[in-house]
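A.B. asks: Dropping a structure here in structure tokens format, bear with me for questions.
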Amino acid sequence: MLTDKHVVVIGGDARQLEIIRKLSTLDAKISMVGFDQLNDGFIGASKHTLEDIEWSSVDAILLPVSGTSTDGNIETVFSNESLILKVEHLQKTPKHCVIYSGISNNYLDQCVEKAERSLVKLMERDDVAIYNSIPTAEGTVMMAIQHTDITIHRAKVAVLGLGRVGMSVARTFSALGAEVKVGANESHQLARITEMGLKPFHTDHIKEELKDVDLCINTIPARVITANVLAEMPLHTLIIDLASKPGGTDFRYAEKRGMKALLAPGLPGIVAPKTAGQILADVLAGLLTTETKK
């Protein structure tokens, strides 16, 4: 239980609602910032502005998966209010206060460092990333169906990267009958691709390997689908880039060449916000409960 634990939830989307529900059932005291347009009521939760939060009593601050912008702005779909997290807010919290965010950037890192508080980046955790790879794979299938005029069955699919998302995506498309090849640059990853019954290739040979694909799914957070690579790919190839912004594709050249290239980070929150929220809620509840026992 999280009795007497004060958690401030700032901004976010439908995923945050699942987190609030979970923490509410665990008896946490929840202050919601950026939810003034939300009609739902939660036991133990109240709406506030950043200015009227009693920061000295805050045990944890929960930011959206996107964290903050480079100037501190926090996205929210339940308010038109401008939310800017400042280092002064964090400095008013107790020293044991922990900030939880999906991802981070230089602005958030510097705020946390100046305030001498702890930051937990949830999307870098293996458990969150692996669970999230499930709705990500389903969302990728949905996009492939929506944006192509062929079946996935027998389609030639290339997946770039064999991380937690790449593995789930490759396995899912293979199970649907696609001819899947996977690009990686580590020998153990190439071995794993072979063990999975898929065709491996080294990303050094990406230009040659993408010459005949119908669908290319990138999970590598680096510019790997360059103009040189795109120039050799079929015009009908659909590119779905799952890497975090700005993705790993030269979108400008893809558009110039008339190819359809879609940047689609954050798919779990788009295609399955309830499940994605429950994943985060379960992990957060465990982390906060552990902190309470210390």
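Following the order of the structure tokens, first chain is A, next is B, and so on, with residues numbered from 1 inside each chain and ligands from 1 in the order they appear.
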What are the closest atom pairs, with distances in Å to one decimal, for each residue of region 24-135 of chain A lying within 10 Å of region 6-20 of chain A, using only C-alpha atoms, rows by chain and rising residue number, as CSV?

C.D. replies:
residue,atom,partner,partner_atom,distance
A:Ser24,CA,A:Ile20,CA,5.9
A:Thr25,CA,A:Ile20,CA,8.6
A:Leu26,CA,A:Ile20,CA,9.9
A:Asp27,CA,A:His6,CA,9.8
A:Ala28,CA,A:His6,CA,6.2
A:Lys29,CA,A:His6,CA,4.7
A:Ile30,CA,A:Val7,CA,4.9
A:Ser31,CA,A:Val8,CA,4.7
A:Met32,CA,A:Val9,CA,5.0
A:Val33,CA,A:Ile10,CA,4.7
A:Gly34,CA,A:Gly11,CA,4.9
A:Phe35,CA,A:Gly11,CA,7.0
A:Leu38,CA,A:Leu17,CA,9.9
A:Asp40,CA,A:Leu17,CA,9.2
A:Phe42,CA,A:Ile20,CA,7.6
A:Ile43,CA,A:Ile20,CA,9.5
A:Gly44,CA,A:Ile20,CA,9.5
A:Ala45,CA,A:Ile20,CA,7.9
A:Ser46,CA,A:Val8,CA,9.8
A:Lys47,CA,A:Val9,CA,9.7
A:His48,CA,A:Val8,CA,9.4
A:Thr49,CA,A:Ile10,CA,9.3
A:Leu50,CA,A:Ile10,CA,8.5
A:Ile53,CA,A:Val8,CA,8.3
A:Glu54,CA,A:His6,CA,9.8
A:Trp55,CA,A:Val8,CA,9.0
A:Ser57,CA,A:His6,CA,6.7
A:Val58,CA,A:His6,CA,5.1
A:Asp59,CA,A:His6,CA,5.3
A:Ala60,CA,A:Val7,CA,4.8
A:Ile61,CA,A:Val8,CA,4.8
A:Leu62,CA,A:Val9,CA,4.8
A:Leu63,CA,A:Ile10,CA,5.4
A:Pro64,CA,A:Gly12,CA,4.5
A:Val65,CA,A:Gly12,CA,7.3
A:Ser66,CA,A:Gly12,CA,8.1
A:Gly67,CA,A:Gly12,CA,8.8
A:Thr68,CA,A:Gly11,CA,9.9
A:Asn73,CA,A:Gly11,CA,9.8
A:Ile74,CA,A:Gly11,CA,6.2
A:Glu75,CA,A:Gly11,CA,5.8
A:Thr76,CA,A:Gly11,CA,4.3
A:Val77,CA,A:Asp13,CA,5.6
A:Phe78,CA,A:Asp13,CA,7.3
A:Ser79,CA,A:Gly11,CA,8.1
A:Glu81,CA,A:Gly11,CA,9.7
A:Ser82,CA,A:Gly11,CA,9.9
A:Leu83,CA,A:Gly11,CA,7.7
A:Ile84,CA,A:Ile10,CA,9.8
A:Leu85,CA,A:Ile10,CA,9.0
A:Cys97,CA,A:Val7,CA,9.4
A:Val98,CA,A:Val7,CA,9.7
A:Ile99,CA,A:Val8,CA,9.5
A:Tyr100,CA,A:Val9,CA,9.6

A.B. asks: Within 12 Å of region 176-189 of chain A, counting only C-alpha atoms, which residues qualify if same-chain residues fewer than 5 places away don't, as number ranges by chain?

C.D. replies: A: 137-138, 141, 144-145, 150-164, 166-171, 194-210, 212-220, 224-225

A.B. asks: Go through region 91-219 of chain A and collect every residue that DSSP, computed from the backbone, puts in strand (DSSP E); the answer should be as a list in words.

C.D. replies: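 Taking region 91-219 of chain A and keeping strand (DSSP E) only, one gets Val98, Ile99, Tyr100, Ser101, Ser118, Leu119, Val120, Lys121, Lys156, Val157, Ala158, Val159, Leu160, Glu179, Val180, Lys181, Val182, Gly183, Ala184, Lys199, Pro200, Phe201, His202, Leu215, Cys216, Ile217 and Asn218 of chain A.
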
A.B. asks: Identify which of the residues A:Asp149, A:Asp36, A:Asp241, A:Asp127 lies closest to Ile279 (chain A), counting only C-alpha atoms when measuring atom-to-atom distances.

C.D. replies: A:Asp127

A.B. asks: Determine which residues of region 191-235 of chain A receive a DSSP assignment of helix (DSSP H, G or I), computed from the backbone, and state them as number ranges by chain.

C.D. replies: A: 191-195, 203-209, 227-232

A.B. asks: Distance CA of Ala276 (chain A)-CA of Phe251 (chain A), one decimal place?

C.D. replies: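 Atom-to-atom, CA of Ala276 (chain A) and CA of Phe251 (chain A) are spaced 27.6 Å apart.
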
A.B. asks: Do a neighbour search on Gly248 (chain A) at 6 Å with only C-alpha atoms, toss out local chain neighbours closer than 2 positions, and write the hits as a PDB file with all heavy atoms, in the first residue's frame.

C.D. replies:
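Saved to part_4.pdb:
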ATOM      1  N   PRO A 221      17.588   3.805 -33.467  1.00  0.00           N
ATOM      2  CA  PRO A 221      17.511   5.262 -33.259  1.00  0.00           C
ATOM      3  C   PRO A 221      18.717   5.999 -33.829  1.00  0.00           C
ATOM      4  O   PRO A 221      19.416   6.731 -33.125  1.00  0.00           O
ATOM      5  CB  PRO A 221      17.444   5.376 -31.735  1.00  0.00           C
ATOM      6  CG  PRO A 221      18.238   4.201 -31.252  1.00  0.00           C
ATOM      7  CD  PRO A 221      17.961   3.083 -32.234  1.00  0.00           C
ATOM      8  N   ALA A 222      18.988   5.789 -35.107  1.00  0.00           N
ATOM      9  CA  ALA A 222      20.095   6.459 -35.801  1.00  0.00           C
ATOM     10  C   ALA A 222      19.747   6.497 -37.282  1.00  0.00           C
ATOM     11  O   ALA A 222      18.949   5.683 -37.768  1.00  0.00           O
ATOM     12  CB  ALA A 222      21.408   5.711 -35.577  1.00  0.00           C
ATOM     13  N   ARG A 223      20.330   7.437 -38.022  1.00  0.00           N
ATOM     14  CA  ARG A 223      20.013   7.596 -39.438  1.00  0.00           C
ATOM     15  C   ARG A 223      20.598   6.419 -40.228  1.00  0.00           C
ATOM     16  O   ARG A 223      21.755   6.436 -40.619  1.00  0.00           O
ATOM     17  CB  ARG A 223      20.565   8.917 -39.957  1.00  0.00           C
ATOM     18  CG  ARG A 223      20.257   9.217 -41.428  1.00  0.00           C
ATOM     19  CD  ARG A 223      18.770   9.336 -41.707  1.00  0.00           C
ATOM     20  NE  ARG A 223      18.188  10.500 -41.096  1.00  0.00           N
ATOM     21  CZ  ARG A 223      18.145  11.711 -41.650  1.00  0.00           C
ATOM     22  NH1 ARG A 223      18.667  11.921 -42.847  1.00  0.00           N
ATOM     23  NH2 ARG A 223      17.555  12.710 -41.026  1.00  0.00           N
ATOM     24  N   VAL A 224      19.788   5.390 -40.427  1.00  0.00           N
ATOM     25  CA  VAL A 224      20.226   4.195 -41.148  1.00  0.00           C
ATOM     26  C   VAL A 224      19.596   4.100 -42.536  1.00  0.00           C
ATOM     27  O   VAL A 224      20.189   3.554 -43.464  1.00  0.00           O
ATOM     28  CB  VAL A 224      19.936   2.907 -40.343  1.00  0.00           C
ATOM     29  CG1 VAL A 224      20.847   2.798 -39.134  1.00  0.00           C
ATOM     30  CG2 VAL A 224      18.466   2.849 -39.914  1.00  0.00           C
TER      31      VAL A 224
END
